[in-house]
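Novice: One structure, as structure tokens, below. Some questions next.
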Amino acid sequence: MTAYASILKRLISLLAIVITSMSLSACLGTRFIEEGEYVLFKQKVKTTKKVSSDELANFLAQKPNRKILVFPFSPYVFFYETGKKRYDKVALIAKRDTLQQEFDAKIQALPDKKGKEAKKLMRKRNRKLAKLDKQIEEGNIRMRWGEPVSVYDSSLTQKSVEQLNIALFNKGYFNAEVSYTEKLRHKRARIIYNVTEGKAQKVDSLIWNIADSVLAQTLLPTREKSLIKRGQNYNQDRIIEERNRVESYLKNNGYYDFSKQYISFQVDTSLSNQKVRVIMNIANPGKRGYHKVFTLDSVIFVTDANVTAPKGSKRSFRVIDNITYQFFQEQYSKKILGARVFLRPDSVYSLENTFNTQKQIANLDVFRFVNINYDTTGGRFIANIFTSPLPKFQTSNEVGVNVNQGFPGPFYNLSFKNRNILGGLEILELNFRAGIEGVASAASEGQLYQSQELGTNLSLTFPQFLFPLSNTLKLKLGEVNPKTRLQIGYNYTNRPEYIRRTSKASFTYNWQSKRNHQFGFSPGDISYIDSRIQSTVFQEQLNELEANGNNLIQSFRPSFVSSINGYGVFNFGKYGTDQNKSSYLRIFLESGGTFSDFSDTRYFEERNLIHYRFYKVSADFRRYYPINQYNTIAFRVNGGIAQPYGNLFVLPYEKYFFAGGSSSVRAWNPRRLGPGSYQPTLNDRGEFSYRIEQPGEILIESSVEFRRKLIGFIDGALFLDAGNVWSSRKIETKPGADFAVDRFYKEIALGTGFALRFDFSFLILRLDLAFKMYDPAQDEGKRWVIDKMRLDTKSNFGPTLNIGIGYPF
């Protein structure tokens, strides 16, 4: 049995266990309730569409047990209830006490109760006690994976009605009516909440009642930005947001000790025609009687806080650009540090500038921590910045498993970092990587080979733009975390078909906006590529392609690649780190061979070096939409165009687009989909032979996933992938490979499947099982291949298993 088939068998076995568990749960846990009780099977909120029913459902006091998709089963109840039978809290507490006594006795018996051996025993004791504490508080692993059966409670239904009324009132529906109907049958309870919202109260006016006239004048310019506007529905959430907005504005304009506790709102409902008057009151502090604007008297920057002072020494100080630096040893460029500090004497206090200063100093990757506090004693207002340096030299080792083209392989990384190497907070990094990866053969169908890879990179990063700029502009640019990176590298790849050596050098500017949008521009990115074909079969394939007008063989000849490129990454809503709706967009632009347009190309011609000219544009958009704490929908659209030009109409192999694989259309093997409706040759089984990788100059692909938390660290997903690659021009030997407006939409492949994700906190292991739905390589009228699905892994219509690290998007 091949490794592929073995993994597939285990995956199917795991799914069988889950399905069996669902069956044993006996229809949402009715077997686990007492006589006369009912399981809360389903509940629904019906509205007149003025308010979202899904939003109101969050206010229900009792929830049904979770189900998997549309199946009327809850394995979570089964896990919890069967685990509960084996749970003995009294015995666990006794075990914990005994364990602690045993370890304490061992520690007391040691001659040095604070020595190395004692500390080792304490760590071991604390680790075991923490594990028992978790079991005592949360139950055993089955109980933690599951949830107790939701026994219907009519008192909680009444509480839900009350909470729905409160929620509707807060949204401006003061006269809303909520009722419910319950259906109790076969030990199941179905509850329907009927909501009649009525007419919403409208905001007639917003009145400011501010005791401090100076503060009122400060706020006056923001009146048009108020979140409470005439004519809109009254909404309690907007009042809370307006309160936060006012507090934030004042804290950014000198009011250091202002708090939103001074802000209160009154709602006057005495007006007619469903209108309300909102009054915002801002009270004065009791003791002072007015709100004070704080102006900085001085800024003190301690660069080595928490550093033990050399015996008999005191900190020195230096004042540069109105910032007082204190240090035992002068190490860092004060001009660079000053560009990351947005606090100055005689400026008013700003919470935003405080956070931004802390963030930009931390971005230097030189300090262990960055703390900023303010001293108001003695009638002065002093900003204190405390930092403690990270180690100057740092090494790290990493051993793990990498997944390339859907196949795993071990790797080893070694990195060395030298901070502040030139005194200007520069960072020198040296990285070495060695790995063995599984890759699909480019010459043989269905074969998996080892690919050895060695790589090393040396980079020097400056925390500023290496460009002649004025000091004023440098200070302003500190807000965008400017960096200049010089990098050289070498990479060696050994595959059964070829050996490829790549030497690379680049010069790149990086920066980011306040909204965490990241940008990069590389005015110089050059590579020297030396390839050697070592498979006669692969060489013959390339020769055959060349004879038929396909210049792919040029990508494996000694070549020089130069380009100017830039990218922008736009993160909306903290994509990938938050449970809220969020989006991600990455745009990449590249011009290859631009240097040769302004220089003599004889150097390359004399050395028989291929010199490429091309343009490349790509965009990757992703959308993350959480339905609730258990379910999420994720969506992705990815595409690009790479267009060669000049005498040699071919791209460097690394610049082509490919479709298929664990992060693309998963029903096809890596890099084997397309191009267009081109039909590969047939194999011995009479099916298409996917021996050769299929590059293209045009890419369009999209994926949508429904993700759901299953049990414990195991998540599941259902997905649908679509996409293909095309050639930008007609190739006589590849009919249907070119992109044509009148037919490309008929050549978009479709694949679907399901996935299991194992979230181990430090990494996510992904198993995706996909089937072809629509194959554009088939003859027209026969492209829907759903009816041909089978479990034979050797067949083109069998499942494709992709193994990946992390989410596909």
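Letters for chains follow the order of the structure tokens (A, B, ...), residue numbers begin at 1 for each chain, and ligand numbers begin at 1 in the order shown.
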Residues of range 319-561 of chain A in alpha helix (DSSP H) according to DSSP, as a VMD selection string?
Specialist: chain A and resid 334 to 339 351 to 362 471 to 477 536 to 547
Novice: Applying 7 Å and only C-alpha atoms, which residues near range 573-588 of chain A remain after dropping the ones on its own chain fewer than 5 positions away? List them as number ranges by chain.
Specialist: A: 566-568, 617-626
Novice: Residues of range 37-272 of chain A in strand (DSSP E or B) according to DSSP, as a PDB file with N, CA and C atoms, in the first residue's frame?
Specialist:
ATOM      1  N   VAL A  39     -35.562  17.847  25.091  1.00  0.00           N
ATOM      2  CA  VAL A  39     -34.335  18.431  24.549  1.00  0.00           C
ATOM      3  C   VAL A  39     -34.710  19.635  23.686  1.00  0.00           C
ATOM      4  N   LEU A  40     -34.022  20.782  23.923  1.00  0.00           N
ATOM      5  CA  LEU A  40     -34.244  21.950  23.075  1.00  0.00           C
ATOM      6  C   LEU A  40     -33.649  21.649  21.701  1.00  0.00           C
ATOM      7  N   PHE A  41     -34.499  21.237  20.792  1.00  0.00           N
ATOM      8  CA  PHE A  41     -34.060  20.759  19.489  1.00  0.00           C
ATOM      9  C   PHE A  41     -33.847  21.903  18.504  1.00  0.00           C
ATOM     10  N   LYS A  42     -34.755  22.866  18.498  1.00  0.00           N
ATOM     11  CA  LYS A  42     -34.678  23.943  17.518  1.00  0.00           C
ATOM     12  C   LYS A  42     -35.401  25.168  18.041  1.00  0.00           C
ATOM     13  N   GLN A  43     -34.858  26.332  17.746  1.00  0.00           N
ATOM     14  CA  GLN A  43     -35.552  27.583  18.047  1.00  0.00           C
ATOM     15  C   GLN A  43     -35.251  28.592  16.949  1.00  0.00           C
ATOM     16  N   LYS A  44     -36.221  29.453  16.701  1.00  0.00           N
ATOM     17  CA  LYS A  44     -36.116  30.384  15.591  1.00  0.00           C
ATOM     18  C   LYS A  44     -36.741  31.710  15.967  1.00  0.00           C
ATOM     19  N   VAL A  45     -36.159  32.787  15.470  1.00  0.00           N
ATOM     20  CA  VAL A  45     -36.711  34.123  15.691  1.00  0.00           C
ATOM     21  C   VAL A  45     -37.279  34.625  14.374  1.00  0.00           C
ATOM     22  N   LYS A  46     -38.584  34.915  14.359  1.00  0.00           N
ATOM     23  CA  LYS A  46     -39.249  35.449  13.170  1.00  0.00           C
ATOM     24  C   LYS A  46     -39.494  36.943  13.350  1.00  0.00           C
ATOM     25  N   VAL A 151     -31.340  20.721  28.045  1.00  0.00           N
ATOM     26  CA  VAL A 151     -32.676  20.378  28.523  1.00  0.00           C
ATOM     27  C   VAL A 151     -33.547  21.632  28.501  1.00  0.00           C
ATOM     28  N   GLU A 177     -43.313  44.095  20.161  1.00  0.00           N
ATOM     29  CA  GLU A 177     -44.001  43.013  20.859  1.00  0.00           C
ATOM     30  C   GLU A 177     -43.328  41.690  20.521  1.00  0.00           C
ATOM     31  N   VAL A 178     -43.103  40.878  21.559  1.00  0.00           N
ATOM     32  CA  VAL A 178     -42.463  39.567  21.382  1.00  0.00           C
ATOM     33  C   VAL A 178     -43.315  38.507  22.049  1.00  0.00           C
ATOM     34  N   SER A 179     -43.649  37.470  21.308  1.00  0.00           N
ATOM     35  CA  SER A 179     -44.372  36.322  21.860  1.00  0.00           C
ATOM     36  C   SER A 179     -43.671  35.051  21.393  1.00  0.00           C
ATOM     37  N   TYR A 180     -44.090  33.926  21.899  1.00  0.00           N
ATOM     38  CA  TYR A 180     -43.458  32.681  21.466  1.00  0.00           C
ATOM     39  C   TYR A 180     -44.480  31.555  21.455  1.00  0.00           C
ATOM     40  N   THR A 181     -44.190  30.575  20.635  1.00  0.00           N
ATOM     41  CA  THR A 181     -44.984  29.347  20.616  1.00  0.00           C
ATOM     42  C   THR A 181     -44.028  28.181  20.825  1.00  0.00           C
ATOM     43  N   GLU A 182     -44.487  27.191  21.597  1.00  0.00           N
ATOM     44  CA  GLU A 182     -43.642  26.032  21.851  1.00  0.00           C
ATOM     45  C   GLU A 182     -44.358  24.766  21.385  1.00  0.00           C
ATOM     46  N   LYS A 183     -43.563  23.886  20.807  1.00  0.00           N
ATOM     47  CA  LYS A 183     -44.065  22.588  20.373  1.00  0.00           C
ATOM     48  C   LYS A 183     -43.256  21.516  21.086  1.00  0.00           C
ATOM     49  N   LEU A 184     -43.926  20.748  21.933  1.00  0.00           N
ATOM     50  CA  LEU A 184     -43.266  19.694  22.708  1.00  0.00           C
ATOM     51  C   LEU A 184     -43.749  18.349  22.198  1.00  0.00           C
ATOM     52  N   ARG A 185     -42.833  17.614  21.588  1.00  0.00           N
ATOM     53  CA  ARG A 185     -43.233  16.348  20.977  1.00  0.00           C
ATOM     54  C   ARG A 185     -42.025  15.424  20.864  1.00  0.00           C
ATOM     55  N   ARG A 188     -38.744  16.356  22.246  1.00  0.00           N
ATOM     56  CA  ARG A 188     -38.063  17.487  21.619  1.00  0.00           C
ATOM     57  C   ARG A 188     -38.912  18.743  21.761  1.00  0.00           C
ATOM     58  N   ALA A 189     -38.226  19.862  21.978  1.00  0.00           N
ATOM     59  CA  ALA A 189     -38.909  21.150  22.092  1.00  0.00           C
ATOM     60  C   ALA A 189     -38.490  22.037  20.931  1.00  0.00           C
ATOM     61  N   ARG A 190     -39.490  22.573  20.259  1.00  0.00           N
ATOM     62  CA  ARG A 190     -39.248  23.537  19.186  1.00  0.00           C
ATOM     63  C   ARG A 190     -39.904  24.850  19.577  1.00  0.00           C
ATOM     64  N   ILE A 191     -39.112  25.922  19.611  1.00  0.00           N
ATOM     65  CA  ILE A 191     -39.600  27.225  20.063  1.00  0.00           C
ATOM     66  C   ILE A 191     -39.476  28.225  18.923  1.00  0.00           C
ATOM     67  N   ILE A 192     -40.557  28.953  18.677  1.00  0.00           N
ATOM     68  CA  ILE A 192     -40.557  30.009  17.668  1.00  0.00           C
ATOM     69  C   ILE A 192     -40.897  31.324  18.370  1.00  0.00           C
ATOM     70  N   TYR A 193     -40.001  32.304  18.251  1.00  0.00           N
ATOM     71  CA  TYR A 193     -40.216  33.638  18.821  1.00  0.00           C
ATOM     72  C   TYR A 193     -40.738  34.543  17.712  1.00  0.00           C
ATOM     73  N   ASN A 194     -41.907  35.110  17.927  1.00  0.00           N
ATOM     74  CA  ASN A 194     -42.541  35.995  16.949  1.00  0.00           C
ATOM     75  C   ASN A 194     -42.332  37.446  17.376  1.00  0.00           C
ATOM     76  N   VAL A 195     -41.656  38.213  16.524  1.00  0.00           N
ATOM     77  CA  VAL A 195     -41.304  39.587  16.848  1.00  0.00           C
ATOM     78  C   VAL A 195     -42.044  40.544  15.917  1.00  0.00           C
ATOM     79  N   THR A 196     -42.752  41.479  16.502  1.00  0.00           N
ATOM     80  CA  THR A 196     -43.364  42.576  15.749  1.00  0.00           C
ATOM     81  C   THR A 196     -42.679  43.852  16.200  1.00  0.00           C
ATOM     82  N   LYS A 202     -37.076  57.840  15.799  1.00  0.00           N
ATOM     83  CA  LYS A 202     -36.084  58.578  15.017  1.00  0.00           C
ATOM     84  C   LYS A 202     -35.447  59.668  15.886  1.00  0.00           C
ATOM     85  N   VAL A 203     -34.183  59.946  15.606  1.00  0.00           N
ATOM     86  CA  VAL A 203     -33.480  61.014  16.316  1.00  0.00           C
ATOM     87  C   VAL A 203     -33.930  62.358  15.758  1.00  0.00           C
ATOM     88  N   ASP A 204     -34.494  63.190  16.610  1.00  0.00           N
ATOM     89  CA  ASP A 204     -34.927  64.526  16.188  1.00  0.00           C
ATOM     90  C   ASP A 204     -33.776  65.522  16.275  1.00  0.00           C
ATOM     91  N   SER A 205     -32.973  65.400  17.333  1.00  0.00           N
ATOM     92  CA  SER A 205     -31.856  66.330  17.507  1.00  0.00           C
ATOM     93  C   SER A 205     -30.883  65.778  18.531  1.00  0.00           C
ATOM     94  N   LEU A 206     -29.653  66.290  18.477  1.00  0.00           N
ATOM     95  CA  LEU A 206     -28.616  65.957  19.456  1.00  0.00           C
ATOM     96  C   LEU A 206     -28.189  67.246  20.120  1.00  0.00           C
ATOM     97  N   ILE A 207     -28.324  67.286  21.434  1.00  0.00           N
ATOM     98  CA  ILE A 207     -27.974  68.492  22.206  1.00  0.00           C
ATOM     99  C   ILE A 207     -26.755  68.188  23.066  1.00  0.00           C
ATOM    100  N   TRP A 208     -25.779  69.113  23.031  1.00  0.00           N
ATOM    101  CA  TRP A 208     -24.603  68.988  23.881  1.00  0.00           C
ATOM    102  C   TRP A 208     -24.789  69.856  25.125  1.00  0.00           C
ATOM    103  N   ASN A 209     -24.610  69.262  26.253  1.00  0.00           N
ATOM    104  CA  ASN A 209     -24.669  69.987  27.525  1.00  0.00           C
ATOM    105  C   ASN A 209     -23.323  69.808  28.221  1.00  0.00           C
ATOM    106  N   ILE A 210     -22.384  70.712  27.939  1.00  0.00           N
ATOM    107  CA  ILE A 210     -21.005  70.577  28.398  1.00  0.00           C
ATOM    108  C   ILE A 210     -20.698  71.695  29.389  1.00  0.00           C
ATOM    109  N   ASN A 233     -32.454  56.062  12.891  1.00  0.00           N
ATOM    110  CA  ASN A 233     -33.089  55.313  13.967  1.00  0.00           C
ATOM    111  C   ASN A 233     -32.299  55.469  15.262  1.00  0.00           C
ATOM    112  N   ILE A 263     -19.055  61.269  30.737  1.00  0.00           N
ATOM    113  CA  ILE A 263     -20.068  61.438  29.681  1.00  0.00           C
ATOM    114  C   ILE A 263     -21.305  60.610  30.011  1.00  0.00           C
ATOM    115  N   SER A 264     -22.446  61.240  29.943  1.00  0.00           N
ATOM    116  CA  SER A 264     -23.713  60.524  30.125  1.00  0.00           C
ATOM    117  C   SER A 264     -24.703  61.008  29.061  1.00  0.00           C
ATOM    118  N   PHE A 265     -25.702  60.199  28.794  1.00  0.00           N
ATOM    119  CA  PHE A 265     -26.706  60.539  27.787  1.00  0.00           C
ATOM    120  C   PHE A 265     -28.102  60.467  28.386  1.00  0.00           C
ATOM    121  N   GLN A 266     -28.949  61.393  27.957  1.00  0.00           N
ATOM    122  CA  GLN A 266     -30.368  61.362  28.296  1.00  0.00           C
ATOM    123  C   GLN A 266     -31.164  61.271  26.993  1.00  0.00           C
ATOM    124  N   VAL A 267     -32.260  60.541  27.070  1.00  0.00           N
ATOM    125  CA  VAL A 267     -33.125  60.390  25.899  1.00  0.00           C
ATOM    126  C   VAL A 267     -34.492  60.934  26.233  1.00  0.00           C
ATOM    127  N   ASP A 268     -34.891  61.989  25.554  1.00  0.00           N
ATOM    128  CA  ASP A 268     -36.194  62.634  25.774  1.00  0.00           C
ATOM    129  C   ASP A 268     -37.197  62.028  24.797  1.00  0.00           C
TER     130      ASP A 268
END
Novice: I'd like to know which of A:Arg96, A:Lys116, A:Lys159, A:Lys483 is closest to Ile136 in chain A, using only C-alpha atoms.
Specialist: A:Arg96
Novice: Please list as a ChimeraX atom specification every residue within 10 Å of range 312-327 of chain A, counting only C-alpha atoms and excluding residues in the same chain fewer than 2 positions away.
Specialist: /A:298-305,307,309-310,329-332,334-335,337-339,341,343-346,383-386
